[in-house]
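> One structure coming up, written as structure tokens, with questions to follow.
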Amino acid sequence: MYRNDEMMKKLDEFLLDVQKPSRYIGGESGSVFKDKEDVDVRFAFCFPDTYEIGMSHLGMKILYGLKNRVPNYWCERVFMPLPDMEQKMRERNIPLYALESLDPIKDFDFIGFTIQYELCYTTILEMLDLAGVPVLASERTALTPIIMGGGPCVCNAEPLCDFFDLFAIGEGEEMNLELMRLMEECKKNGSTKAEFLEKAAQIEGIYVPSMYDVSYNEDGTVQKITAKAPAPEQVKKRVIKDFDSVYSPENFVVPFTDIVHNRAVVEVLRGCIRGCRFCQAGFIYRPFREKKTNTVLEQTKTLCENTGYDEVSLSSLSTSDFSDIEGLLETLTAYTSKNRINLSLPSLRVDRFSEKIFEEISAVRKSGLTFAPEAGTQRLRDVINKNIKESDVLSSAKIAFEGGYTSIKLYFMLGLPTETDDDIRGIYALAKAVIDEFYQNPNRKKGKSPSVSISLSTFIPKPFTPFEFEPQASEAEIKRKQKLITEVCIDKKINISWSKYDVSLLEAVLARGDRRVGKAIYLAWKKGCVLDGWDEYFDFDKWKQAFAECGLSMEFYANRQRSYEETAPWSHINMLVSREFFVEENKRAHAGVTTPNCREKCSNCGVIGNIGGECCKNLR
Ligand code: SF4
């Protein structure tokens, strides 16, 4: 038996009354169905956001395919229903179910969440509650379901420790299968949850929070984190060493309805050679590894043939840093153009934006081009180690304008460490220089005029970056800077937009929070906070009340300068890059000194010491 007929009947009664019912029925092409009689371990893979967002996520597709390759393991997908669907489910006592079998996920062995951004934390609690699973780990005593989390946010999982049984730190391909094998063994032996967790804590990369005690100083900072045997004192991130041969999905679940990124995606590289000091992804995914050109080609062909997609995107933190990017594009376009497949390349850096790359992407990019200088002056770009120059931005703009584009979007951050008003004025100056570049082109089309959109976000200090010690700028300071830039911006061809401060503040609090923050998350959720990443559902007043009722200060977590000596809430997690390196990089930032990228020179960030010499060897 593959699907739960009883659940299907219940859903049939009302599904046509909710928006986009196809989000909730499963059965899409590429879905994996198994006979439950043959399955020993069941995994509910939850994405704590809507179907459209979760279905676009490559990590989920990788782990879904990988686990389902094992005949007696079944991994199914679960997303957060939107409020209209959730209300109907609650009215009819329908628990959260998985899209393949339609079985309630409370009966699964694992309920695993991929945690991509901090603003999904209350959605995780809502999904557990809707599933009929107690949200507090201490109230779940049976062996199953084990609630686990992975993804970038778990590098500081402390605010979530009250709710989860374990976290998978680092790359999940090997760890997930090891955990499933352990569950299979524990179920056969009749082990308890405590016995399972004790064994899980000994798998490299697995963090079992209940096996660590945290004490605090009088000033509220963390005093000590103590591991209980046999848990390791430091949980070391897992890394896939042979990236070229790592599992890559041969098929995707192809949705009935449109999703955010509805196309084939092939991962070309992991990690980043850069060291932008604000960027968490740039450090937590180290070391840099890339696939061979032929591997990318074969994976592209297989995926396009199996899914029928006519668009493929190359995925990475910075695709243009692929060592032979032009050769790769030439190889891929020979296949994609012959088969009328569009090739899209997100994540391009302006200093690697050549005419050749532009030619390859311009066939599919119709709207505008986006570049991310991040800061308005060279001084501040040096502080943040964004090793690009104004001339890089202008030469990219020139190529784009000559290719017929007229609109360019530029991303910047406000509130970066050491930022002055001159840096804010520099944002406008750079945007104006881009406009001027358009008029330098003698062959520009008559009657066309350029436009530049300046998009401003508020800088959020993140753990495992050289800026993890920095305070986030206050709301008053950010508002003053927003006002300043609108005053200096006198060119009507330039428009400016910015993100809400409240959202950035909450993200900063959750990103560097300790275990006590879990109480505020719980209370905010109890007050009705859910889907906080969505403007229409975000209710900052409820969050403020929740923190106040717990006696916790948001400013303590977000706006406070942290000393190099302070014990970070995440200090028992080893993401391979050393704390000493971050301290050194922070000092270099304040001195305005840049650090070369890994391809130019190894800066001994700690990765080599942790995993051996592979990362540097790979770069040569
Ligand atoms: S060890 Fe060197 S090459 Fe490797 S990630 Fe760190 S700085 Fe880059």
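Numbering starts fresh at 1 for the residues of each chain in the structure tokens, the chains themselves are lettered A, B, ... in the order given, and ligands are numbered from 1 as they appear.
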May I have all residues of stretch 223-431 of chain A that DSSP, computed from the backbone, assigns to helix (DSSP H, G or I), given as JSON, numbers by chain?
{"A": [243, 244, 245, 280, 281, 282, 283, 284, 293, 294, 295, 296, 297, 298, 299, 300, 301, 302, 303, 304, 305, 306, 307, 319, 320, 321, 325, 326, 327, 328, 329, 330, 331, 332, 333, 334, 335, 336, 337, 338, 350, 351, 352, 355, 356, 357, 358, 359, 360, 361, 362, 378, 379, 380, 381, 382, 383, 390, 391, 392, 393, 394, 395, 396, 397, 398, 399, 400, 401, 402, 421, 422, 423, 424, 425, 426, 427, 428, 429, 430, 431]}
> Could you list, as a ChimeraX atom specification, all the residues within 12 Å of ligand 1, counting only C-alpha atoms and all ligand atoms?
/A:270-275,282-289,575-578,581-582,585,595-620
> Just want the 12 Å neighbourhood of A:Thr302, counted on only C-alpha atoms, with same-chain residues fewer than 3 positions away dropped. Output as a PDB file with all heavy atoms, in the first residue's frame.

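Below is the file selection.pdb, written as the result:
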```pdb
ATOM      1  N   SER A 248      24.485  13.106  -6.691  1.00  0.00           N
ATOM      2  CA  SER A 248      23.756  14.218  -7.305  1.00  0.00           C
ATOM      3  C   SER A 248      22.442  13.657  -7.834  1.00  0.00           C
ATOM      4  O   SER A 248      22.438  12.596  -8.461  1.00  0.00           O
ATOM      5  CB  SER A 248      24.591  14.791  -8.449  1.00  0.00           C
ATOM      6  OG  SER A 248      23.859  15.751  -9.147  1.00  0.00           O
ATOM      7  N   PRO A 249      21.310  14.304  -7.560  1.00  0.00           N
ATOM      8  CA  PRO A 249      20.035  13.697  -7.961  1.00  0.00           C
ATOM      9  C   PRO A 249      19.916  13.543  -9.473  1.00  0.00           C
ATOM     10  O   PRO A 249      20.302  14.440 -10.227  1.00  0.00           O
ATOM     11  CB  PRO A 249      18.977  14.664  -7.421  1.00  0.00           C
ATOM     12  CG  PRO A 249      19.699  15.883  -7.003  1.00  0.00           C
ATOM     13  CD  PRO A 249      21.142  15.575  -6.870  1.00  0.00           C
ATOM     14  N   GLU A 250      19.393  12.398  -9.894  1.00  0.00           N
ATOM     15  CA  GLU A 250      19.215  12.162 -11.335  1.00  0.00           C
ATOM     16  C   GLU A 250      17.832  12.588 -11.777  1.00  0.00           C
ATOM     17  O   GLU A 250      17.514  12.611 -12.955  1.00  0.00           O
ATOM     18  CB  GLU A 250      19.437  10.676 -11.632  1.00  0.00           C
ATOM     19  CG  GLU A 250      20.867  10.282 -11.377  1.00  0.00           C
ATOM     20  CD  GLU A 250      21.156   8.850 -11.734  1.00  0.00           C
ATOM     21  OE1 GLU A 250      20.203   8.099 -12.007  1.00  0.00           O
ATOM     22  OE2 GLU A 250      22.342   8.491 -11.744  1.00  0.00           O
ATOM     23  N   ASN A 251      16.983  12.865 -10.800  1.00  0.00           N
ATOM     24  CA  ASN A 251      15.612  13.262 -11.120  1.00  0.00           C
ATOM     25  C   ASN A 251      15.129  14.244 -10.062  1.00  0.00           C
ATOM     26  O   ASN A 251      15.646  14.241  -8.945  1.00  0.00           O
ATOM     27  CB  ASN A 251      14.713  12.021 -11.135  1.00  0.00           C
ATOM     28  CG  ASN A 251      13.458  12.234 -11.960  1.00  0.00           C
ATOM     29  OD1 ASN A 251      13.247  13.318 -12.504  1.00  0.00           O
ATOM     30  ND2 ASN A 251      12.632  11.222 -12.055  1.00  0.00           N
ATOM     31  N   PHE A 252      14.190  15.099 -10.401  1.00  0.00           N
ATOM     32  CA  PHE A 252      13.567  16.005  -9.440  1.00  0.00           C
ATOM     33  C   PHE A 252      12.075  15.703  -9.405  1.00  0.00           C
ATOM     34  O   PHE A 252      11.514  15.232 -10.397  1.00  0.00           O
ATOM     35  CB  PHE A 252      13.691  17.467  -9.897  1.00  0.00           C
ATOM     36  CG  PHE A 252      15.018  18.125  -9.653  1.00  0.00           C
ATOM     37  CD1 PHE A 252      16.083  17.447  -9.080  1.00  0.00           C
ATOM     38  CD2 PHE A 252      15.192  19.474  -9.986  1.00  0.00           C
ATOM     39  CE1 PHE A 252      17.298  18.084  -8.869  1.00  0.00           C
ATOM     40  CE2 PHE A 252      16.399  20.105  -9.771  1.00  0.00           C
ATOM     41  CZ  PHE A 252      17.461  19.412  -9.221  1.00  0.00           C
ATOM     42  N   ALA A 264      15.712  22.720 -13.696  1.00  0.00           N
ATOM     43  CA  ALA A 264      16.760  21.801 -13.251  1.00  0.00           C
ATOM     44  C   ALA A 264      17.889  22.619 -12.623  1.00  0.00           C
ATOM     45  O   ALA A 264      18.139  23.754 -13.037  1.00  0.00           O
ATOM     46  CB  ALA A 264      17.283  21.004 -14.442  1.00  0.00           C
ATOM     47  N   VAL A 265      18.532  22.054 -11.618  1.00  0.00           N
ATOM     48  CA  VAL A 265      19.644  22.763 -10.954  1.00  0.00           C
ATOM     49  C   VAL A 265      20.796  21.779 -10.772  1.00  0.00           C
ATOM     50  O   VAL A 265      20.593  20.668 -10.280  1.00  0.00           O
ATOM     51  CB  VAL A 265      19.237  23.283  -9.547  1.00  0.00           C
ATOM     52  CG1 VAL A 265      20.367  24.125  -8.950  1.00  0.00           C
ATOM     53  CG2 VAL A 265      17.957  24.092  -9.600  1.00  0.00           C
ATOM     54  N   VAL A 266      21.977  22.205 -11.179  1.00  0.00           N
ATOM     55  CA  VAL A 266      23.159  21.359 -10.987  1.00  0.00           C
ATOM     56  C   VAL A 266      24.169  22.129 -10.143  1.00  0.00           C
ATOM     57  O   VAL A 266      24.504  23.277 -10.437  1.00  0.00           O
ATOM     58  CB  VAL A 266      23.777  20.950 -12.343  1.00  0.00           C
ATOM     59  CG1 VAL A 266      25.059  20.151 -12.123  1.00  0.00           C
ATOM     60  CG2 VAL A 266      22.787  20.131 -13.158  1.00  0.00           C
ATOM     61  N   THR A 295      31.690  16.134 -15.348  1.00  0.00           N
ATOM     62  CA  THR A 295      30.699  15.695 -14.354  1.00  0.00           C
ATOM     63  C   THR A 295      29.485  16.621 -14.417  1.00  0.00           C
ATOM     64  O   THR A 295      28.335  16.172 -14.417  1.00  0.00           O
ATOM     65  CB  THR A 295      31.324  15.736 -12.937  1.00  0.00           C
ATOM     66  OG1 THR A 295      32.536  14.997 -12.952  1.00  0.00           O
ATOM     67  CG2 THR A 295      30.377  15.179 -11.896  1.00  0.00           C
ATOM     68  N   VAL A 296      29.741  17.940 -14.478  1.00  0.00           N
ATOM     69  CA  VAL A 296      28.630  18.909 -14.539  1.00  0.00           C
ATOM     70  C   VAL A 296      27.816  18.673 -15.816  1.00  0.00           C
ATOM     71  O   VAL A 296      26.576  18.677 -15.792  1.00  0.00           O
ATOM     72  CB  VAL A 296      29.161  20.367 -14.493  1.00  0.00           C
ATOM     73  CG1 VAL A 296      28.004  21.364 -14.604  1.00  0.00           C
ATOM     74  CG2 VAL A 296      29.958  20.624 -13.218  1.00  0.00           C
ATOM     75  N   LEU A 297      28.522  18.414 -16.915  1.00  0.00           N
ATOM     76  CA  LEU A 297      27.813  18.182 -18.185  1.00  0.00           C
ATOM     77  C   LEU A 297      26.928  16.941 -18.088  1.00  0.00           C
ATOM     78  O   LEU A 297      25.744  16.985 -18.445  1.00  0.00           O
ATOM     79  CB  LEU A 297      28.833  18.021 -19.325  1.00  0.00           C
ATOM     80  CG  LEU A 297      28.217  17.647 -20.671  1.00  0.00           C
ATOM     81  CD1 LEU A 297      27.371  18.792 -21.225  1.00  0.00           C
ATOM     82  CD2 LEU A 297      29.296  17.264 -21.699  1.00  0.00           C
ATOM     83  N   GLU A 298      27.490  15.851 -17.593  1.00  0.00           N
ATOM     84  CA  GLU A 298      26.716  14.599 -17.512  1.00  0.00           C
ATOM     85  C   GLU A 298      25.511  14.766 -16.584  1.00  0.00           C
ATOM     86  O   GLU A 298      24.411  14.303 -16.876  1.00  0.00           O
ATOM     87  CB  GLU A 298      27.616  13.439 -17.033  1.00  0.00           C
ATOM     88  CG  GLU A 298      28.630  12.980 -18.062  1.00  0.00           C
ATOM     89  CD  GLU A 298      28.012  12.663 -19.420  1.00  0.00           C
ATOM     90  OE1 GLU A 298      26.955  12.019 -19.452  1.00  0.00           O
ATOM     91  OE2 GLU A 298      28.577  13.085 -20.456  1.00  0.00           O
ATOM     92  N   GLN A 299      25.717  15.468 -15.472  1.00  0.00           N
ATOM     93  CA  GLN A 299      24.605  15.649 -14.529  1.00  0.00           C
ATOM     94  C   GLN A 299      23.523  16.553 -15.134  1.00  0.00           C
ATOM     95  O   GLN A 299      22.335  16.354 -14.912  1.00  0.00           O
ATOM     96  CB  GLN A 299      25.131  16.202 -13.196  1.00  0.00           C
ATOM     97  CG  GLN A 299      25.977  15.139 -12.486  1.00  0.00           C
ATOM     98  CD  GLN A 299      26.633  15.597 -11.199  1.00  0.00           C
ATOM     99  OE1 GLN A 299      26.598  16.761 -10.842  1.00  0.00           O
ATOM    100  NE2 GLN A 299      27.271  14.661 -10.502  1.00  0.00           N
ATOM    101  N   GLU A 305      17.090  15.390 -19.147  1.00  0.00           N
ATOM    102  CA  GLU A 305      16.373  14.303 -19.831  1.00  0.00           C
ATOM    103  C   GLU A 305      15.318  13.682 -18.931  1.00  0.00           C
ATOM    104  O   GLU A 305      14.196  13.414 -19.351  1.00  0.00           O
ATOM    105  CB  GLU A 305      17.370  13.230 -20.315  1.00  0.00           C
ATOM    106  CG  GLU A 305      18.005  13.641 -21.635  1.00  0.00           C
ATOM    107  CD  GLU A 305      19.341  12.971 -21.894  1.00  0.00           C
ATOM    108  OE1 GLU A 305      19.585  11.872 -21.352  1.00  0.00           O
ATOM    109  OE2 GLU A 305      20.164  13.566 -22.641  1.00  0.00           O
ATOM    110  N   ASN A 306      15.635  13.481 -17.652  1.00  0.00           N
ATOM    111  CA  ASN A 306      14.681  12.822 -16.749  1.00  0.00           C
ATOM    112  C   ASN A 306      13.514  13.715 -16.339  1.00  0.00           C
ATOM    113  O   ASN A 306      12.422  13.221 -16.078  1.00  0.00           O
ATOM    114  CB  ASN A 306      15.391  12.315 -15.490  1.00  0.00           C
ATOM    115  CG  ASN A 306      16.265  11.117 -15.803  1.00  0.00           C
ATOM    116  OD1 ASN A 306      16.125  10.491 -16.851  1.00  0.00           O
ATOM    117  ND2 ASN A 306      17.184  10.802 -14.918  1.00  0.00           N
ATOM    118  N   THR A 307      13.760  15.022 -16.229  1.00  0.00           N
ATOM    119  CA  THR A 307      12.683  15.904 -15.752  1.00  0.00           C
ATOM    120  C   THR A 307      11.906  16.550 -16.896  1.00  0.00           C
ATOM    121  O   THR A 307      10.785  17.002 -16.705  1.00  0.00           O
ATOM    122  CB  THR A 307      13.248  17.052 -14.886  1.00  0.00           C
ATOM    123  OG1 THR A 307      14.181  17.788 -15.683  1.00  0.00           O
ATOM    124  CG2 THR A 307      13.921  16.543 -13.639  1.00  0.00           C
ATOM    125  N   GLY A 308      12.552  16.667 -18.063  1.00  0.00           N
ATOM    126  CA  GLY A 308      11.920  17.374 -19.175  1.00  0.00           C
ATOM    127  C   GLY A 308      12.035  18.892 -19.048  1.00  0.00           C
ATOM    128  O   GLY A 308      11.451  19.633 -19.842  1.00  0.00           O
ATOM    129  N   TYR A 309      12.767  19.373 -18.074  1.00  0.00           N
ATOM    130  CA  TYR A 309      12.928  20.825 -17.925  1.00  0.00           C
ATOM    131  C   TYR A 309      13.664  21.403 -19.137  1.00  0.00           C
ATOM    132  O   TYR A 309      14.596  20.779 -19.662  1.00  0.00           O
ATOM    133  CB  TYR A 309      13.739  21.156 -16.671  1.00  0.00           C
ATOM    134  CG  TYR A 309      12.915  21.274 -15.411  1.00  0.00           C
ATOM    135  CD1 TYR A 309      13.212  20.511 -14.284  1.00  0.00           C
ATOM    136  CD2 TYR A 309      11.859  22.184 -15.321  1.00  0.00           C
ATOM    137  CE1 TYR A 309      12.470  20.626 -13.118  1.00  0.00           C
ATOM    138  CE2 TYR A 309      11.115  22.304 -14.156  1.00  0.00           C
ATOM    139  CZ  TYR A 309      11.421  21.523 -13.055  1.00  0.00           C
ATOM    140  OH  TYR A 309      10.686  21.651 -11.914  1.00  0.00           O
ATOM    141  N   VAL A 312      18.082  25.086 -17.168  1.00  0.00           N
ATOM    142  CA  VAL A 312      18.955  24.535 -16.126  1.00  0.00           C
ATOM    143  C   VAL A 312      19.757  25.683 -15.530  1.00  0.00           C
ATOM    144  O   VAL A 312      20.176  26.598 -16.221  1.00  0.00           O
ATOM    145  CB  VAL A 312      19.875  23.413 -16.673  1.00  0.00           C
ATOM    146  CG1 VAL A 312      20.810  23.933 -17.757  1.00  0.00           C
ATOM    147  CG2 VAL A 312      20.686  22.763 -15.564  1.00  0.00           C
ATOM    148  N   TYR A 335      25.697  21.681 -25.501  1.00  0.00           N
ATOM    149  CA  TYR A 335      24.577  20.758 -25.266  1.00  0.00           C
ATOM    150  C   TYR A 335      23.247  21.516 -25.157  1.00  0.00           C
ATOM    151  O   TYR A 335      22.259  21.138 -25.809  1.00  0.00           O
ATOM    152  CB  TYR A 335      24.832  19.952 -23.988  1.00  0.00           C
ATOM    153  CG  TYR A 335      23.596  19.250 -23.465  1.00  0.00           C
ATOM    154  CD1 TYR A 335      23.083  18.117 -24.101  1.00  0.00           C
ATOM    155  CD2 TYR A 335      22.915  19.739 -22.333  1.00  0.00           C
ATOM    156  CE1 TYR A 335      21.932  17.494 -23.642  1.00  0.00           C
ATOM    157  CE2 TYR A 335      21.766  19.115 -21.875  1.00  0.00           C
ATOM    158  CZ  TYR A 335      21.274  17.994 -22.526  1.00  0.00           C
ATOM    159  OH  TYR A 335      20.133  17.390 -22.077  1.00  0.00           O
TER     160      TYR A 335
END
```
> Between A:Pro450, A:Gly205, A:Gly415, A:Gly151, which one has atoms that come closest to A:Phe401, using only C-alpha atoms?
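The shortest atom-to-atom distance to A:Phe401 comes from A:Pro450.
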> With a distance cut-off of 12 Å and only C-alpha atoms, select the neighbouring residues of A:Asn443, excluding the residue or stretch itself and same-chain residues fewer than 6 positions from it, and output the selection as a PyMOL selection string.
chain A and resi 398+401-404
> Let's have the selection written as a PDB file, in the first residue's frame, with all heavy atoms.

```pdb
ATOM      1  N   LYS A 398      29.188  48.460 -18.285  1.00  0.00           N
ATOM      2  CA  LYS A 398      29.467  48.792 -19.689  1.00  0.00           C
ATOM      3  C   LYS A 398      29.104  47.612 -20.603  1.00  0.00           C
ATOM      4  O   LYS A 398      28.407  47.774 -21.614  1.00  0.00           O
ATOM      5  CB  LYS A 398      30.959  49.130 -19.829  1.00  0.00           C
ATOM      6  CG  LYS A 398      31.411  49.571 -21.186  1.00  0.00           C
ATOM      7  CD  LYS A 398      32.846  50.091 -21.080  1.00  0.00           C
ATOM      8  CE  LYS A 398      33.327  50.648 -22.388  1.00  0.00           C
ATOM      9  NZ  LYS A 398      34.132  49.731 -23.154  1.00  0.00           N
ATOM     10  N   PHE A 401      25.318  47.317 -20.719  1.00  0.00           N
ATOM     11  CA  PHE A 401      24.682  48.369 -21.524  1.00  0.00           C
ATOM     12  C   PHE A 401      24.943  48.140 -23.016  1.00  0.00           C
ATOM     13  O   PHE A 401      24.054  48.306 -23.850  1.00  0.00           O
ATOM     14  CB  PHE A 401      25.192  49.750 -21.101  1.00  0.00           C
ATOM     15  CG  PHE A 401      24.686  50.213 -19.743  1.00  0.00           C
ATOM     16  CD1 PHE A 401      25.493  50.988 -18.905  1.00  0.00           C
ATOM     17  CD2 PHE A 401      23.400  49.895 -19.311  1.00  0.00           C
ATOM     18  CE1 PHE A 401      25.027  51.408 -17.666  1.00  0.00           C
ATOM     19  CE2 PHE A 401      22.926  50.314 -18.067  1.00  0.00           C
ATOM     20  CZ  PHE A 401      23.742  51.070 -17.246  1.00  0.00           C
ATOM     21  N   GLU A 402      26.191  47.763 -23.331  1.00  0.00           N
ATOM     22  CA  GLU A 402      26.504  47.506 -24.744  1.00  0.00           C
ATOM     23  C   GLU A 402      25.701  46.320 -25.280  1.00  0.00           C
ATOM     24  O   GLU A 402      25.398  46.239 -26.460  1.00  0.00           O
ATOM     25  CB  GLU A 402      28.008  47.264 -24.935  1.00  0.00           C
ATOM     26  CG  GLU A 402      28.784  48.583 -24.895  1.00  0.00           C
ATOM     27  CD  GLU A 402      30.296  48.389 -24.879  1.00  0.00           C
ATOM     28  OE1 GLU A 402      30.746  47.234 -24.796  1.00  0.00           O
ATOM     29  OE2 GLU A 402      31.009  49.414 -24.935  1.00  0.00           O
ATOM     30  N   GLY A 403      25.344  45.407 -24.376  1.00  0.00           N
ATOM     31  CA  GLY A 403      24.538  44.247 -24.773  1.00  0.00           C
ATOM     32  C   GLY A 403      23.056  44.561 -24.826  1.00  0.00           C
ATOM     33  O   GLY A 403      22.250  43.649 -25.012  1.00  0.00           O
ATOM     34  N   GLY A 404      22.677  45.805 -24.606  1.00  0.00           N
ATOM     35  CA  GLY A 404      21.274  46.192 -24.769  1.00  0.00           C
ATOM     36  C   GLY A 404      20.492  46.334 -23.472  1.00  0.00           C
ATOM     37  O   GLY A 404      19.313  46.681 -23.486  1.00  0.00           O
TER      38      GLY A 404
END
```
> Report as a PyMOL selection string all protein, DNA and RNA residues lying within 10 Å of stretch 552-560 of chain A, evaluated on only C-alpha atoms, omitting residues in the same chain fewer than 2 positions from it.
chain A and resi 220-221+460-462+469-475+504-514+516-517+519-520+543-544+546-550+562-563
> With N, CA and C atoms retained, write the just-selected residues as a short mmCIF file (atom, residue, chain, number, x, y, z; two decimals), in the first residue's frame.

```
data_model
loop_
_atom_site.label_atom_id
_atom_site.label_comp_id
_atom_site.auth_asym_id
_atom_site.auth_seq_id
_atom_site.Cartn_x
_atom_site.Cartn_y
_atom_site.Cartn_z
N GLY A 220 25.29 38.10 31.95
CA GLY A 220 24.41 37.48 30.95
C GLY A 220 25.15 36.74 29.84
N THR A 221 26.46 36.88 29.78
CA THR A 221 27.20 36.18 28.73
C THR A 221 27.40 34.71 29.14
N ILE A 460 23.69 42.39 9.16
CA ILE A 460 23.37 41.49 10.28
C ILE A 460 24.63 40.72 10.65
N PRO A 461 25.19 40.97 11.83
CA PRO A 461 26.39 40.20 12.22
C PRO A 461 26.01 38.74 12.46
N LYS A 462 26.78 37.83 11.89
CA LYS A 462 26.46 36.40 11.98
C LYS A 462 27.59 35.63 12.65
N PHE A 469 31.67 39.56 16.22
CA PHE A 469 31.87 40.35 17.45
C PHE A 469 31.15 41.70 17.39
N GLU A 470 30.71 42.08 16.19
CA GLU A 470 30.26 43.46 15.95
C GLU A 470 28.83 43.70 16.41
N PRO A 471 28.53 44.92 16.86
CA PRO A 471 27.14 45.25 17.17
C PRO A 471 26.37 45.52 15.87
N GLN A 472 25.09 45.20 15.88
CA GLN A 472 24.26 45.66 14.76
C GLN A 472 23.91 47.11 15.02
N ALA A 473 23.86 47.93 13.97
CA ALA A 473 23.53 49.36 14.14
C ALA A 473 22.11 49.48 14.70
N SER A 474 21.88 50.55 15.46
CA SER A 474 20.54 50.75 16.05
C SER A 474 19.56 51.20 14.97
N GLU A 475 18.28 51.12 15.32
CA GLU A 475 17.25 51.54 14.37
C GLU A 475 17.41 53.03 14.02
N SER A 504 15.48 42.67 10.29
CA SER A 504 16.93 42.47 10.42
C SER A 504 17.33 42.35 11.88
N LEU A 505 16.68 43.10 12.75
CA LEU A 505 16.99 43.04 14.17
C LEU A 505 16.67 41.64 14.71
N LEU A 506 15.50 41.14 14.38
CA LEU A 506 15.12 39.82 14.88
C LEU A 506 16.07 38.75 14.35
N GLU A 507 16.45 38.90 13.08
CA GLU A 507 17.38 37.93 12.49
C GLU A 507 18.71 37.98 13.24
N ALA A 508 19.16 39.18 13.60
CA ALA A 508 20.43 39.32 14.33
C ALA A 508 20.33 38.69 15.71
N VAL A 509 19.18 38.87 16.36
CA VAL A 509 18.99 38.30 17.70
C VAL A 509 19.02 36.78 17.64
N LEU A 510 18.27 36.22 16.70
CA LEU A 510 18.17 34.76 16.61
C LEU A 510 19.49 34.14 16.14
N ALA A 511 20.19 34.86 15.27
CA ALA A 511 21.45 34.31 14.72
C ALA A 511 22.51 34.15 15.80
N ARG A 512 22.58 35.11 16.75
CA ARG A 512 23.65 35.02 17.76
C ARG A 512 23.09 34.76 19.16
N GLY A 513 21.87 34.21 19.20
CA GLY A 513 21.24 33.96 20.50
C GLY A 513 21.83 32.75 21.20
N ASP A 514 21.55 32.66 22.51
CA ASP A 514 21.93 31.49 23.28
C ASP A 514 20.68 30.67 23.59
N ARG A 516 18.74 30.57 26.08
CA ARG A 516 17.62 31.24 26.75
C ARG A 516 16.64 31.84 25.75
N VAL A 517 17.14 32.12 24.52
CA VAL A 517 16.28 32.71 23.49
C VAL A 517 15.15 31.76 23.08
N LYS A 519 13.06 30.34 24.89
CA LYS A 519 11.81 30.67 25.61
C LYS A 519 11.05 31.77 24.88
N ALA A 520 11.79 32.75 24.37
CA ALA A 520 11.13 33.84 23.64
C ALA A 520 10.53 33.34 22.33
N TRP A 543 6.74 39.70 18.99
CA TRP A 543 8.11 39.30 19.33
C TRP A 543 8.65 40.15 20.48
N LYS A 544 8.39 41.45 20.40
CA LYS A 544 8.88 42.34 21.47
C LYS A 544 8.27 41.93 22.81
N ALA A 546 7.14 39.01 23.63
CA ALA A 546 7.68 37.70 24.04
C ALA A 546 9.03 37.88 24.74
N PHE A 547 9.90 38.69 24.15
CA PHE A 547 11.22 38.91 24.77
C PHE A 547 11.06 39.59 26.13
N ALA A 548 10.16 40.59 26.19
CA ALA A 548 9.97 41.32 27.46
C ALA A 548 9.46 40.36 28.53
N GLU A 549 8.52 39.50 28.18
CA GLU A 549 7.94 38.58 29.18
C GLU A 549 8.97 37.56 29.68
N CYS A 550 9.97 37.27 28.84
CA CYS A 550 11.02 36.34 29.28
C CYS A 550 12.14 37.07 30.02
N ARG A 562 30.80 42.51 21.21
CA ARG A 562 31.26 41.33 21.96
C ARG A 562 32.79 41.30 21.98
N SER A 563 33.36 40.99 23.12
CA SER A 563 34.82 41.00 23.20
C SER A 563 35.38 39.71 22.59
#
```
> What lies within 12 Å of A:Arg381 using only C-alpha atoms, ignoring chain neighbours under 2 positions off, as a VMD selection string?
chain A and resid 275 to 278 372 to 379 383 to 390 412 to 413 416 to 419 423 426 to 427 589 to 590 592 to 595
> Could you please take those selected residues and save C-alpha atoms as a compact mmCIF listing (two decimals), in the first residue's frame?

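result-v1.txt was written with the following content:
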```txt
# COMPACT_ATOMS: atom_id res chain seq x y z
CA GLY A 275 36.51 35.81 2.43
CA CYS A 276 33.89 38.58 2.52
CA ARG A 277 33.89 39.33 6.22
CA PHE A 278 30.12 39.71 6.59
CA ALA A 372 26.42 43.43 -5.27
CA PRO A 373 29.15 45.96 -4.46
CA GLU A 374 27.80 45.85 -0.83
CA ALA A 375 29.52 49.12 0.13
CA GLY A 376 29.75 52.52 -1.56
CA THR A 377 33.45 53.29 -1.17
CA GLN A 378 36.69 51.40 -1.73
CA ARG A 379 37.65 52.05 1.89
CA VAL A 383 37.00 46.73 5.44
CA ILE A 384 34.50 44.04 4.49
CA ASN A 385 37.04 42.32 2.21
CA LYS A 386 34.77 42.56 -0.79
CA ASN A 387 37.68 42.58 -3.14
CA ILE A 388 36.07 44.41 -6.03
CA LYS A 389 36.81 47.87 -7.35
CA GLU A 390 34.60 50.60 -8.74
CA PHE A 412 24.39 47.49 -0.60
CA MET A 413 24.34 47.07 3.16
CA LEU A 416 28.58 47.91 8.21
CA PRO A 417 31.40 48.16 10.78
CA THR A 418 33.32 51.48 10.54
CA GLU A 419 30.76 52.96 8.11
CA ASP A 423 30.41 55.73 2.63
CA GLY A 426 29.55 56.81 -1.95
CA ILE A 427 26.57 54.54 -2.62
CA ALA A 589 38.96 44.81 8.97
CA HIS A 590 39.33 47.63 11.46
CA GLY A 592 41.28 48.45 6.50
CA VAL A 593 43.56 45.62 5.37
CA THR A 594 42.27 43.10 2.84
CA THR A 595 42.96 39.35 2.81
```
> I need the residue nearest A:Ile111 from this list: A:Phe45, A:Thr141, A:Glu86, A:Tyr411. Use only C-alpha atoms for the distance.
A:Phe45
